[in-house]
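Note sheet for the following structure.
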Amino acid sequence: MKKQTKLLALAAVMVFLVLPLAVFELTTSQNETTQSASHNGPIRVACVGDSITAESGYPSDLQALLGANYTVGNFGSSGSTVSLNSWKPYMNQTEFQMALDFNPDIVIIMLGTNDDLMGLHQYNDSFEDDYGKLITSFQQTKNNPTVIIANSPPIFSNATDLSPAYLAETIIPKIQHLANTMNLPEIDVYDALGDQPDSFVDGVHPNSQGASVIANEVYNSMDSIYDLNQTS
């Protein structure tokens, strides 16, 4: 009788020890399945920017280049800036929250043109810090997306409060420096459109031809990172 009691006690201890392990394994398996399911479906690409993104049509051209395995979202906000001291910081716009909620796998950011406005030059010492905050906001989302920075296209008009020289000599170098500092891929939209004034509607905003150039530059940058022929 004592022997049976000891065996029963031993069995109870074994159940006590094994049951949590089984539950742990089941929970782990469920978590892995959920995690895997969250990455099923098309790869999500968020295009973040100002009116050049919102209105040029380049995200639509990029979607056509990438095909059905990708979903490209246009989260451009016209008139928005990198600077958090401006009248319209991108991070204060609805499109920013929409881009975060999109849960992107890849984020293409093309901002900086509006930071070239004369009234914002006084804030450009904090340009890189503010840009870094924007980038980090995306990097901290659950998919830990790849962030790719596209520098702004050139300006071919002197009829606005935008300075072609200031963009080239101040804004673009800051974007390039930030990309190097944060070890992020950079898309050189500025040079790609540098000799194409006819690719702009008004010297600032790209037309359909300019949008096609931007989309191809973005596609080529993504291809160099992911080898799109292997993932398509």
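Identifiers in this document derive from the order of the structure tokens: chains are assigned A, B, ..., residues are numbered from 1 separately in each chain, and ligands are numbered from 1 in order of occurrence.
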
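Looking only at stretch 84-170 of chain A, the set that DSSP places in strand (DSSP E or B) from backbone geometry is Pro89, Ile106, Val107, Ile108, Ile109, Met110, Leu117, Thr146, Val147, Ile148, Ile149, Ala150 and Leu162 of chain A.
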
Residues just named, written with C-alpha atoms as a compact mmCIF listing (two decimals), in the first residue's frame:
# COMPACT_ATOMS: atom_id res chain seq x y z
CA PRO A 89 5.61 68.72 -39.70
CA ILE A 106 9.57 48.67 -46.33
CA VAL A 107 9.39 52.46 -45.92
CA ILE A 108 10.51 54.89 -48.61
CA ILE A 109 10.88 58.41 -47.20
CA MET A 110 11.32 61.39 -49.53
CA LEU A 117 11.60 77.26 -47.74
CA THR A 146 13.64 48.49 -43.82
CA VAL A 147 13.76 52.27 -44.13
CA ILE A 148 15.17 53.73 -47.33
CA ILE A 149 15.79 57.47 -47.67
CA ALA A 150 15.29 59.16 -51.03
CA LEU A 162 12.45 77.63 -52.56

### Query
Looking only at the backbone, which of the residues in stretch 69-178 of chain A does DSSP tag as alpha helix (DSSP H), as number ranges by chain?
A: 94-101, 127-139, 164-166, 172-178

Could those selected residues go to a file with C-alpha atoms, as a CSV table (one decimal), in the first residue's frame?
chain,number,residue,atom,x,y,z
A,94,THR,CA,-2.8,62.1,-40.4
A,95,GLU,CA,-0.8,60.4,-43.2
A,96,PHE,CA,2.0,59.7,-40.7
A,97,GLN,CA,-0.3,57.7,-38.4
A,98,MET,CA,-1.8,56.0,-41.4
A,99,ALA,CA,1.6,55.0,-42.6
A,100,LEU,CA,2.4,53.5,-39.1
A,101,ASP,CA,-1.0,51.7,-39.1
A,127,PHE,CA,16.9,68.9,-39.5
A,128,GLU,CA,18.8,65.6,-39.0
A,129,ASP,CA,17.6,65.1,-35.4
A,130,ASP,CA,14.0,65.6,-36.5
A,131,TYR,CA,14.5,63.3,-39.5
A,132,GLY,CA,16.0,60.7,-37.2
A,133,LYS,CA,12.9,60.8,-35.0
A,134,LEU,CA,10.7,60.1,-38.0
A,135,ILE,CA,12.9,57.2,-39.1
A,136,THR,CA,13.0,55.7,-35.6
A,137,SER,CA,9.2,55.9,-35.4
A,138,PHE,CA,9.0,53.5,-38.3
A,139,GLN,CA,11.8,51.3,-37.2
A,164,PRO,CA,17.7,75.5,-55.7
A,165,ALA,CA,21.2,76.3,-54.3
A,166,TYR,CA,20.2,75.9,-50.6
A,172,ILE,CA,20.8,67.2,-49.7
A,173,PRO,CA,24.1,66.9,-47.8
A,174,LYS,CA,22.2,66.7,-44.5
A,175,ILE,CA,20.0,63.8,-46.0
A,176,GLN,CA,23.1,62.0,-47.2
A,177,HIS,CA,24.9,62.5,-43.9
A,178,LEU,CA,21.9,61.1,-42.0

### Query
Out of A:Asn216, A:Asn143, A:Gln63, A:Ser126, which residue has the shortest atom-to-atom distance to A:Ile187 when counting only C-alpha atoms?
A:Asn216

Show me a table, sorted first by chain and then by increasing residue number, of the residues of stretch 153-225 of chain A having an atom at most 12 Å from stretch 69-79 of chain A, each with its shortest atom pair and the distance in Å to one decimal, counting only C-alpha atoms and written as JSON lines.
{"residue": "A:His205", "atom": "CA", "partner": "A:Ser78", "partner_atom": "CA", "distance": 11.0}
{"residue": "A:Ala215", "atom": "CA", "partner": "A:Val72", "partner_atom": "CA", "distance": 11.4}
{"residue": "A:Val218", "atom": "CA", "partner": "A:Val72", "partner_atom": "CA", "distance": 11.9}
{"residue": "A:Tyr219", "atom": "CA", "partner": "A:Val72", "partner_atom": "CA", "distance": 11.7}
{"residue": "A:Met222", "atom": "CA", "partner": "A:Tyr70", "partner_atom": "CA", "distance": 11.9}

Dump C-alpha atoms for the selected residues as an mmCIF file, in the first residue's frame?
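Result file result-v2.cif:
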data_model
loop_
_atom_site.group_PDB
_atom_site.id
_atom_site.type_symbol
_atom_site.label_atom_id
_atom_site.label_comp_id
_atom_site.auth_asym_id
_atom_site.auth_seq_id
_atom_site.Cartn_x
_atom_site.Cartn_y
_atom_site.Cartn_z
ATOM 1 C CA HIS A 205 6.809 68.957 -58.885
ATOM 2 C CA ALA A 215 9.761 54.929 -59.371
ATOM 3 C CA VAL A 218 13.215 53.305 -55.946
ATOM 4 C CA TYR A 219 12.741 49.957 -57.664
ATOM 5 C CA MET A 222 14.970 47.823 -53.578
#

### Task
Excluding A:Leu167 and any residue of its chain fewer than 5 positions from it, enumerate the residues within 8 Å of it, using only C-alpha atoms, and give them as a list in words.
Thr113, Asp116, Pro154, Ile155 and Ile172 of chain A

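Taking atom CA of A:Val189 and atom CA of A:Gln122 as endpoints, the distance between them is 25.1 Å.
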
### Task
Rounded to one decimal place, report the atom CA of A:Val201-atom CA of A:Tyr90 distance in Å.
23.3 Å

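Atom pair atom CA of A:Thr170 / atom CA of A:Val213: separated by 23.4 Å.
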
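Shortest separation to A:Gly203 among A:Tyr123, A:Asn151, A:Ile52, A:Asn92 occurs at residue A:Ile52, atoms counted being only C-alpha atoms.
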